[in-house]
Amino acid sequence: MIDAKLLRENPDVVRAALTKRGESTDLVDQILVADSERRSSISAFEALRAEQKGLGKQVAQAKGDERAALLERTKTLAAEVKAHEAAANEAGNRFDELARDLPNLVSDEAPVGGEDDFVVVEEVGKPRDFAAEGFEPRDHLELGELLGAIDMERGAKISGARFYFLKGAGMLLQLGMLQLAIQQAVENGFTPMITPTLVKPEVMGGTGYLSAHDDVYRLDDPELYLTGTSEVALAGYHMDEILDLSDGPKRYAGWSSCYRKEAGSHGKDTRGIIRVHQFDKVEMFSYCSLDEAADEHQRLLGWEKEMLDKMELAYRVIDTATGDLGVSAYRKYDCEAWVPTQGRYREVTSTSNCTDFQARRLNIRHRDADGKTQPVATLNGTLATTRWIVAILETHQLADGSVRVPTALRPFLGGREVLEPVGR
């Protein structure tokens, strides 16, 4: 939620952010009208209440016709007071509802534009030249089937399209990757968490995932939402609390299964496990002061890169353009790993600085140096997820269909250096 004071006193800042996101500014005008109506109704209500109190004293002293007239006026006033109070409450509720539909502001440093207007911050490693090595690379699904690691056919049989089984080496590869991520997170001061994957509407809405978002699964009785990231549960963990940040950021690493409808992705990435309805992920989540948020964002990005380096992947870091930011993100960096058979980089991590947007909606605060309560900043970042298997298998494949295991993952796969096709 945008700071209400900013909305009232400097709405052009909000309009400028919406324009950078490629969205209409009409909502700002609707919010300001609701606020004006609320203030007008409150002013009228207070004036009438003052008159009402004054009449009470006059009635006590009046007699005869004067008293009757005053009593009649008090009845009229009571109705008018009630009407203006109701109008003020209605306008206030409308202000709050409309304000919750606003996305976060955007960083002045973020590139302006749409999905393709990102800026490449850096490229790490070089994609393998399979032509120079003398063989055509297999895609991750063919490799996964050869290794007995991925079974899409039976996943579809029991659950439908975009579901799958990870088995054998595939299951161990994912489990090892997530364990390594948790190990790294703990070494860097994160508290490891296994989070709920069903949350209440106020938590899902508080993170911004119900604002113009049709990618979530909803249960009716009771009303709960399946989360697409443990960010949601971790953001709600300290809802309605005042945090002690005197020792620095409060950091959590959430391990969970994640669920997404993949609405709007019909016909896209239908082969394999790039875009699926269920996957597993370790997500970093940080609470810090607003002053420290930009630095914390860089730290989260650094930890993502550290994990990708352990996977021995070629990847690039991009600064996401304003029109491609999520509702809650003020600034976002993605790491994209090279996928050989697609000849391009694909997103494998994302880290967002949400400033105080989620904290205001979830009522999460801390005390500043003067002892005053202020909204915290919340930040999130992917530390490992199922999609990484795509890049790992394709990058480290050998000509015979076997796959070299990245050194950092070998202890989690029984020391195996190479995954062999099944039946060999």
# chains A, B, ... in the order shown; residues from 1 in each chain; ligands from 1

$ residues_around --residues "A:Leu198" --least-positions-apart "2" --cutoff "6 Å" --atoms "only C-alpha atoms" --output "NGL selection string"
:A and (196 or 224-226)

$ write_last_selection --atoms "N, CA, C and O atoms" --output "PDB file, in the first residue's frame"
ATOM      1  N   PRO A 196       3.748 -22.884   5.724  1.00  0.00           N
ATOM      2  CA  PRO A 196       2.438 -23.328   5.212  1.00  0.00           C
ATOM      3  C   PRO A 196       2.310 -22.936   3.740  1.00  0.00           C
ATOM      4  O   PRO A 196       2.832 -21.903   3.317  1.00  0.00           O
ATOM      5  N   LEU A 224      -9.123 -20.082   1.525  1.00  0.00           N
ATOM      6  CA  LEU A 224      -7.667 -20.110   1.652  1.00  0.00           C
ATOM      7  C   LEU A 224      -7.063 -20.107   0.253  1.00  0.00           C
ATOM      8  O   LEU A 224      -7.719 -20.498  -0.720  1.00  0.00           O
ATOM      9  N   TYR A 225      -5.807 -19.688   0.164  1.00  0.00           N
ATOM     10  CA  TYR A 225      -5.120 -19.639  -1.117  1.00  0.00           C
ATOM     11  C   TYR A 225      -3.853 -20.477  -1.075  1.00  0.00           C
ATOM     12  O   TYR A 225      -3.106 -20.456  -0.079  1.00  0.00           O
ATOM     13  N   LEU A 226      -3.606 -21.235  -2.155  1.00  0.00           N
ATOM     14  CA  LEU A 226      -2.349 -21.950  -2.312  1.00  0.00           C
ATOM     15  C   LEU A 226      -1.283 -20.957  -2.769  1.00  0.00           C
ATOM     16  O   LEU A 226      -1.494 -20.209  -3.728  1.00  0.00           O
TER      17      LEU A 226
END

$ closest_atom_pairs --of "stretch 189-305 of chain A" --to "stretch 386-395 of chain A" --cutoff "12 Å" --atoms "only C-alpha atoms" --output "JSON lines"
{"residue": "A:Trp255", "atom": "CA", "partner": "A:Thr386", "partner_atom": "CA", "distance": 11.9}
{"residue": "A:Ser256", "atom": "CA", "partner": "A:Thr386", "partner_atom": "CA", "distance": 11.3}
{"residue": "A:Ser257", "atom": "CA", "partner": "A:Thr386", "partner_atom": "CA", "distance": 9.8}
{"residue": "A:Cys258", "atom": "CA", "partner": "A:Thr386", "partner_atom": "CA", "distance": 10.1}
{"residue": "A:Asp269", "atom": "CA", "partner": "A:Arg387", "partner_atom": "CA", "distance": 11.8}
{"residue": "A:Arg271", "atom": "CA", "partner": "A:Val390", "partner_atom": "CA", "distance": 11.1}
{"residue": "A:Gly272", "atom": "CA", "partner": "A:Val390", "partner_atom": "CA", "distance": 8.4}
{"residue": "A:Ile273", "atom": "CA", "partner": "A:Arg387", "partner_atom": "CA", "distance": 6.5}
{"residue": "A:Ile274", "atom": "CA", "partner": "A:Arg387", "partner_atom": "CA", "distance": 5.5}
{"residue": "A:Arg275", "atom": "CA", "partner": "A:Arg387", "partner_atom": "CA", "distance": 8.0}
{"residue": "A:Val276", "atom": "CA", "partner": "A:Arg387", "partner_atom": "CA", "distance": 9.1}
{"residue": "A:His277", "atom": "CA", "partner": "A:Thr386", "partner_atom": "CA", "distance": 11.4}
{"residue": "A:Gln278", "atom": "CA", "partner": "A:Thr386", "partner_atom": "CA", "distance": 9.2}
{"residue": "A:Phe279", "atom": "CA", "partner": "A:Thr386", "partner_atom": "CA", "distance": 5.8}
{"residue": "A:Asp280", "atom": "CA", "partner": "A:Thr386", "partner_atom": "CA", "distance": 5.7}
{"residue": "A:Lys281", "atom": "CA", "partner": "A:Thr386", "partner_atom": "CA", "distance": 6.6}
{"residue": "A:Val282", "atom": "CA", "partner": "A:Thr386", "partner_atom": "CA", "distance": 9.7}

$ atom_distance --atom1 "atom CA of A:Glu115" --atom2 "atom CA of A:Arg15"
20.4 Å

$ residues_around --residues "stretch 234-246 of chain A" --least-positions-apart "4" --cutoff "6 Å" --atoms "only C-alpha atoms" --output "ChimeraX atom specification"
/A:203,362-366

$ closest_atom_pairs --of "stretch 300-415 of chain A" --to "stretch 180-183 of chain A" --cutoff "10 Å" --atoms "only C-alpha atoms" --output "JSON lines"
{"residue": "A:Trp303", "atom": "CA", "partner": "A:Ala181", "partner_atom": "CA", "distance": 9.5}
{"residue": "A:Glu304", "atom": "CA", "partner": "A:Ala181", "partner_atom": "CA", "distance": 9.3}
{"residue": "A:Glu306", "atom": "CA", "partner": "A:Ala181", "partner_atom": "CA", "distance": 9.8}
{"residue": "A:Met307", "atom": "CA", "partner": "A:Ala181", "partner_atom": "CA", "distance": 7.0}
{"residue": "A:Lys310", "atom": "CA", "partner": "A:Leu180", "partner_atom": "CA", "distance": 9.3}
{"residue": "A:Thr382", "atom": "CA", "partner": "A:Ala181", "partner_atom": "CA", "distance": 9.6}
{"residue": "A:Leu383", "atom": "CA", "partner": "A:Ala181", "partner_atom": "CA", "distance": 5.9}
{"residue": "A:Ala384", "atom": "CA", "partner": "A:Ala181", "partner_atom": "CA", "distance": 6.2}
{"residue": "A:Thr385", "atom": "CA", "partner": "A:Ala181", "partner_atom": "CA", "distance": 9.4}
{"residue": "A:Ala408", "atom": "CA", "partner": "A:Leu180", "partner_atom": "CA", "distance": 8.0}
{"residue": "A:Leu409", "atom": "CA", "partner": "A:Leu180", "partner_atom": "CA", "distance": 7.5}
{"residue": "A:Pro411", "atom": "CA", "partner": "A:Leu180", "partner_atom": "CA", "distance": 9.8}
{"residue": "A:Phe412", "atom": "CA", "partner": "A:Leu180", "partner_atom": "CA", "distance": 8.4}

$ write_last_selection --atoms "all heavy atoms" --output "short mmCIF file (atom, residue, chain, number, x, y, z; two decimals), in the first residue's frame"
data_model
loop_
_atom_site.label_atom_id
_atom_site.label_comp_id
_atom_site.auth_asym_id
_atom_site.auth_seq_id
_atom_site.Cartn_x
_atom_site.Cartn_y
_atom_site.Cartn_z
N TRP A 303 23.83 -13.52 -2.99
CA TRP A 303 23.63 -14.91 -2.53
C TRP A 303 23.02 -15.77 -3.64
O TRP A 303 23.34 -16.94 -3.76
CB TRP A 303 22.76 -14.93 -1.28
CG TRP A 303 23.51 -14.48 -0.06
CD1 TRP A 303 24.78 -14.84 0.30
CD2 TRP A 303 23.06 -13.57 0.95
NE1 TRP A 303 25.14 -14.21 1.48
CE2 TRP A 303 24.10 -13.44 1.90
CE3 TRP A 303 21.88 -12.86 1.16
CZ2 TRP A 303 23.99 -12.62 3.03
CZ3 TRP A 303 21.77 -12.06 2.28
CH2 TRP A 303 22.81 -11.94 3.22
N GLU A 304 22.16 -15.19 -4.47
CA GLU A 304 21.64 -15.93 -5.61
C GLU A 304 22.77 -16.30 -6.57
O GLU A 304 22.85 -17.45 -7.05
CB GLU A 304 20.59 -15.09 -6.35
CG GLU A 304 19.28 -14.92 -5.58
CD GLU A 304 18.26 -14.09 -6.34
OE1 GLU A 304 18.66 -13.32 -7.24
OE2 GLU A 304 17.06 -14.21 -6.04
N GLU A 306 25.89 -16.63 -5.89
CA GLU A 306 26.75 -17.62 -5.25
C GLU A 306 26.22 -19.03 -5.48
O GLU A 306 26.98 -19.97 -5.77
CB GLU A 306 26.85 -17.32 -3.75
CG GLU A 306 27.78 -18.24 -2.99
CD GLU A 306 27.87 -17.90 -1.51
OE1 GLU A 306 27.50 -16.76 -1.13
OE2 GLU A 306 28.30 -18.78 -0.73
N MET A 307 24.89 -19.19 -5.36
CA MET A 307 24.30 -20.51 -5.59
C MET A 307 24.42 -20.93 -7.06
O MET A 307 24.73 -22.09 -7.36
CB MET A 307 22.83 -20.51 -5.17
CG MET A 307 22.58 -20.96 -3.74
SD MET A 307 23.07 -22.67 -3.38
CE MET A 307 21.90 -23.59 -4.40
N LYS A 310 27.73 -22.23 -7.82
CA LYS A 310 27.91 -23.61 -7.34
C LYS A 310 27.32 -24.62 -8.32
O LYS A 310 27.76 -25.77 -8.37
CB LYS A 310 27.27 -23.77 -5.96
CG LYS A 310 28.00 -23.02 -4.85
CD LYS A 310 27.23 -23.09 -3.54
CE LYS A 310 27.95 -22.29 -2.45
NZ LYS A 310 27.17 -22.22 -1.18
N THR A 382 14.93 -15.75 -4.82
CA THR A 382 15.00 -17.20 -5.04
C THR A 382 16.42 -17.70 -4.76
O THR A 382 17.39 -17.14 -5.26
CB THR A 382 14.67 -17.53 -6.51
OG1 THR A 382 13.50 -16.82 -6.89
CG2 THR A 382 14.49 -19.01 -6.70
N LEU A 383 16.52 -18.78 -4.00
CA LEU A 383 17.84 -19.35 -3.74
C LEU A 383 18.03 -20.70 -4.43
O LEU A 383 19.16 -21.14 -4.64
CB LEU A 383 18.09 -19.48 -2.23
CG LEU A 383 19.54 -19.55 -1.79
CD1 LEU A 383 20.36 -18.40 -2.35
CD2 LEU A 383 19.64 -19.57 -0.28
N ALA A 384 16.95 -21.35 -4.77
CA ALA A 384 17.00 -22.59 -5.57
C ALA A 384 15.57 -22.99 -5.88
O ALA A 384 14.67 -22.78 -5.06
CB ALA A 384 17.71 -23.72 -4.84
N THR A 385 15.36 -23.58 -7.06
CA THR A 385 14.02 -24.02 -7.42
C THR A 385 14.09 -25.09 -8.50
O THR A 385 15.13 -25.28 -9.15
CB THR A 385 13.15 -22.82 -7.88
OG1 THR A 385 11.80 -23.23 -8.04
CG2 THR A 385 13.67 -22.24 -9.19
N ALA A 408 29.52 -29.19 -6.21
CA ALA A 408 28.87 -28.85 -4.95
C ALA A 408 27.69 -29.76 -4.63
O ALA A 408 27.31 -29.91 -3.46
CB ALA A 408 28.40 -27.40 -4.98
N LEU A 409 27.11 -30.40 -5.65
CA LEU A 409 25.94 -31.26 -5.43
C LEU A 409 26.32 -32.72 -5.19
O LEU A 409 25.48 -33.51 -4.75
CB LEU A 409 25.00 -31.18 -6.63
CG LEU A 409 24.19 -29.89 -6.80
CD1 LEU A 409 23.29 -29.99 -8.03
CD2 LEU A 409 23.34 -29.61 -5.56
N PRO A 411 28.01 -34.42 -2.91
CA PRO A 411 27.76 -35.04 -1.60
C PRO A 411 26.29 -35.40 -1.37
O PRO A 411 25.99 -36.30 -0.58
CB PRO A 411 28.21 -33.95 -0.61
CG PRO A 411 29.18 -33.12 -1.39
CD PRO A 411 28.67 -33.11 -2.78
N PHE A 412 25.38 -34.71 -2.06
CA PHE A 412 23.95 -34.97 -1.88
C PHE A 412 23.44 -36.07 -2.81
O PHE A 412 22.29 -36.47 -2.72
CB PHE A 412 23.15 -33.68 -2.14
CG PHE A 412 23.53 -32.54 -1.23
CD1 PHE A 412 24.43 -31.57 -1.66
CD2 PHE A 412 23.03 -32.45 0.06
CE1 PHE A 412 24.79 -30.52 -0.83
CE2 PHE A 412 23.39 -31.41 0.89
CZ PHE A 412 24.28 -30.44 0.45
#

$ select_by_dssp --residues "stretch 230-391 of chain A" --states "helix (DSSP H, G or I)" --output "VMD selection string"
chain A and resid 231 to 236 290 to 310 322 to 324 340 to 342 357 to 362 388 to 391

$ write_last_selection --atoms "C-alpha atoms" --output "PDB file, in the first residue's frame"
ATOM      1  CA  GLU A 231       7.393 -15.268   0.272  1.00  0.00           C
ATOM      2  CA  VAL A 232       3.667 -15.026   1.051  1.00  0.00           C
ATOM      3  CA  ALA A 233       3.786 -16.998   4.281  1.00  0.00           C
ATOM      4  CA  LEU A 234       7.060 -15.383   5.343  1.00  0.00           C
ATOM      5  CA  ALA A 235       5.630 -11.897   4.750  1.00  0.00           C
ATOM      6  CA  GLY A 236       2.610 -12.779   6.877  1.00  0.00           C
ATOM      7  CA  LEU A 290      13.857   1.356   4.575  1.00  0.00           C
ATOM      8  CA  ASP A 291      17.280   2.988   4.746  1.00  0.00           C
ATOM      9  CA  GLU A 292      18.967  -0.397   4.435  1.00  0.00           C
ATOM     10  CA  ALA A 293      16.691  -1.904   1.777  1.00  0.00           C
ATOM     11  CA  ALA A 294      18.806  -1.053  -1.289  1.00  0.00           C
ATOM     12  CA  ASP A 295      21.942  -2.586   0.249  1.00  0.00           C
ATOM     13  CA  GLU A 296      20.006  -5.645   1.396  1.00  0.00           C
ATOM     14  CA  HIS A 297      18.717  -6.065  -2.139  1.00  0.00           C
ATOM     15  CA  GLN A 298      22.286  -6.280  -3.426  1.00  0.00           C
ATOM     16  CA  ARG A 299      23.131  -8.825  -0.730  1.00  0.00           C
ATOM     17  CA  LEU A 300      20.227 -11.068  -1.773  1.00  0.00           C
ATOM     18  CA  LEU A 301      21.359 -10.841  -5.391  1.00  0.00           C
ATOM     19  CA  GLY A 302      24.889 -11.781  -4.320  1.00  0.00           C
ATOM     20  CA  TRP A 303      23.627 -14.910  -2.534  1.00  0.00           C
ATOM     21  CA  GLU A 304      21.636 -15.929  -5.611  1.00  0.00           C
ATOM     22  CA  LYS A 305      24.744 -15.601  -7.768  1.00  0.00           C
ATOM     23  CA  GLU A 306      26.748 -17.618  -5.248  1.00  0.00           C
ATOM     24  CA  MET A 307      24.299 -20.513  -5.587  1.00  0.00           C
ATOM     25  CA  LEU A 308      24.291 -20.345  -9.385  1.00  0.00           C
ATOM     26  CA  ASP A 309      28.091 -20.390  -9.364  1.00  0.00           C
ATOM     27  CA  LYS A 310      27.909 -23.607  -7.341  1.00  0.00           C
ATOM     28  CA  THR A 322       9.307  -0.956 -14.821  1.00  0.00           C
ATOM     29  CA  GLY A 323       6.530  -2.381 -16.973  1.00  0.00           C
ATOM     30  CA  ASP A 324       7.530  -5.923 -16.053  1.00  0.00           C
ATOM     31  CA  PRO A 340      21.593 -24.687 -24.627  1.00  0.00           C
ATOM     32  CA  THR A 341      18.788 -26.265 -26.673  1.00  0.00           C
ATOM     33  CA  GLN A 342      16.811 -23.014 -26.632  1.00  0.00           C
ATOM     34  CA  PHE A 357       4.506  -1.722   0.297  1.00  0.00           C
ATOM     35  CA  GLN A 358       3.762  -5.124   1.851  1.00  0.00           C
ATOM     36  CA  ALA A 359       4.551  -3.979   5.380  1.00  0.00           C
ATOM     37  CA  ARG A 360       1.921  -1.236   5.271  1.00  0.00           C
ATOM     38  CA  ARG A 361      -0.701  -3.711   4.085  1.00  0.00           C
ATOM     39  CA  LEU A 362       0.292  -6.280   6.714  1.00  0.00           C
ATOM     40  CA  TRP A 388      17.208 -25.036 -12.239  1.00  0.00           C
ATOM     41  CA  ILE A 389      17.215 -28.733 -13.170  1.00  0.00           C
ATOM     42  CA  VAL A 390      16.576 -27.671 -16.778  1.00  0.00           C
ATOM     43  CA  ALA A 391      19.807 -25.685 -17.004  1.00  0.00           C
TER      44      ALA A 391
END

$ select_by_dssp --residues "stretch 53-269 of chain A" --states "strand (DSSP E)" --output "number ranges by chain"
A: 119-124, 150-151, 165-166, 191-194, 198-199, 217-219, 224-226, 242-243, 250-259

$ write_last_selection --atoms "C-alpha atoms" --output "PDB file, in the first residue's frame"
ATOM      1  CA  VAL A 119      19.173  -3.885 -18.867  1.00  0.00           C
ATOM      2  CA  VAL A 120      21.856  -6.573 -18.667  1.00  0.00           C
ATOM      3  CA  VAL A 121      23.898  -5.867 -15.540  1.00  0.00           C
ATOM      4  CA  GLU A 122      26.489  -8.601 -16.036  1.00  0.00           C
ATOM      5  CA  GLU A 123      27.144 -11.924 -17.739  1.00  0.00           C
ATOM      6  CA  VAL A 124      28.819 -14.724 -15.797  1.00  0.00           C
ATOM      7  CA  ILE A 150      11.590 -36.989 -15.051  1.00  0.00           C
ATOM      8  CA  ASP A 151       8.238 -38.580 -15.936  1.00  0.00           C
ATOM      9  CA  PHE A 165       7.161 -36.869 -11.372  1.00  0.00           C
ATOM     10  CA  LEU A 166      10.752 -36.295 -10.336  1.00  0.00           C
ATOM     11  CA  THR A 191      16.566 -18.829   9.928  1.00  0.00           C
ATOM     12  CA  PRO A 192      15.425 -21.881   7.946  1.00  0.00           C
ATOM     13  CA  MET A 193      11.659 -22.379   7.747  1.00  0.00           C
ATOM     14  CA  ILE A 194       9.218 -24.894   6.289  1.00  0.00           C
ATOM     15  CA  LEU A 198      -2.245 -22.421   2.323  1.00  0.00           C
ATOM     16  CA  VAL A 199      -2.801 -18.888   3.629  1.00  0.00           C
ATOM     17  CA  TYR A 217      -5.400 -21.365  -6.686  1.00  0.00           C
ATOM     18  CA  ARG A 218      -8.259 -20.626  -4.264  1.00  0.00           C
ATOM     19  CA  LEU A 219     -10.181 -22.899  -1.883  1.00  0.00           C
ATOM     20  CA  LEU A 224      -7.667 -20.110   1.652  1.00  0.00           C
ATOM     21  CA  TYR A 225      -5.120 -19.639  -1.117  1.00  0.00           C
ATOM     22  CA  LEU A 226      -2.349 -21.950  -2.312  1.00  0.00           C
ATOM     23  CA  ILE A 242       6.575  -4.464  15.832  1.00  0.00           C
ATOM     24  CA  LEU A 243      10.005  -5.947  15.048  1.00  0.00           C
ATOM     25  CA  LYS A 250      15.712 -10.236  10.147  1.00  0.00           C
ATOM     26  CA  ARG A 251      16.188 -12.979   7.538  1.00  0.00           C
ATOM     27  CA  TYR A 252      14.323 -16.210   6.820  1.00  0.00           C
ATOM     28  CA  ALA A 253      14.814 -18.962   4.234  1.00  0.00           C
ATOM     29  CA  GLY A 254      11.538 -20.692   3.392  1.00  0.00           C
ATOM     30  CA  TRP A 255      11.354 -24.171   1.885  1.00  0.00           C
ATOM     31  CA  SER A 256       8.004 -25.053   0.340  1.00  0.00           C
ATOM     32  CA  SER A 257       6.118 -26.508  -2.550  1.00  0.00           C
ATOM     33  CA  CYS A 258       4.635 -23.770  -4.743  1.00  0.00           C
ATOM     34  CA  TYR A 259       1.520 -23.696  -6.921  1.00  0.00           C
TER      35      TYR A 259
END

$ residues_around --residues "A:Ala87" --least-positions-apart "3" --cutoff "8 Å" --atoms "only C-alpha atoms" --output "NGL selection string"
:A and (38 or 41 or 83-84 or 90-91)

$ atom_distance --atom1 "atom CA of A:Ala329" --atom2 "atom CA of A:Asn104"
6.3 Å

$ closest_residue --among "A:Gly113, A:Pro127, A:Gly92, A:Gly206" --to "A:Arg344" --atoms "only C-alpha atoms"
A:Pro127

$ residues_around --residues "A:Pro11" --least-positions-apart "2" --cutoff "10 Å" --atoms "only C-alpha atoms" --output "number ranges by chain"
A: 4-9, 13-16, 25, 28-29, 31-32

$ write_last_selection --atoms "C-alpha atoms" --output "compact mmCIF listing (two decimals), in the first residue's frame"
# COMPACT_ATOMS: atom_id res chain seq x y z
CA ALA A 4 -1.58 7.79 2.27
CA LYS A 5 0.25 11.04 3.10
CA LEU A 6 2.23 10.79 -0.14
CA LEU A 7 -0.96 10.16 -2.09
CA ARG A 8 -2.58 13.28 -0.68
CA GLU A 9 0.38 15.64 -0.71
CA VAL A 13 4.89 10.96 -7.75
CA VAL A 14 2.34 8.14 -7.80
CA ARG A 15 1.11 9.13 -11.25
CA ALA A 16 4.69 9.10 -12.56
CA THR A 25 -3.29 7.21 -13.74
CA VAL A 28 -5.10 8.26 -8.49
CA ASP A 29 -7.85 10.73 -9.41
CA ILE A 31 -8.60 8.02 -4.80
CA LEU A 32 -8.23 11.78 -4.41

$ closest_residue --among "A:Leu147, A:Leu105, A:Cys288, A:Met171" --to "A:Leu413" --atoms "only C-alpha atoms"
A:Met171

$ closest_residue --among "A:Ala69, A:Leu419, A:Ile2, A:Ala88" --to "A:Pro375" --atoms "only C-alpha atoms"
A:Ile2
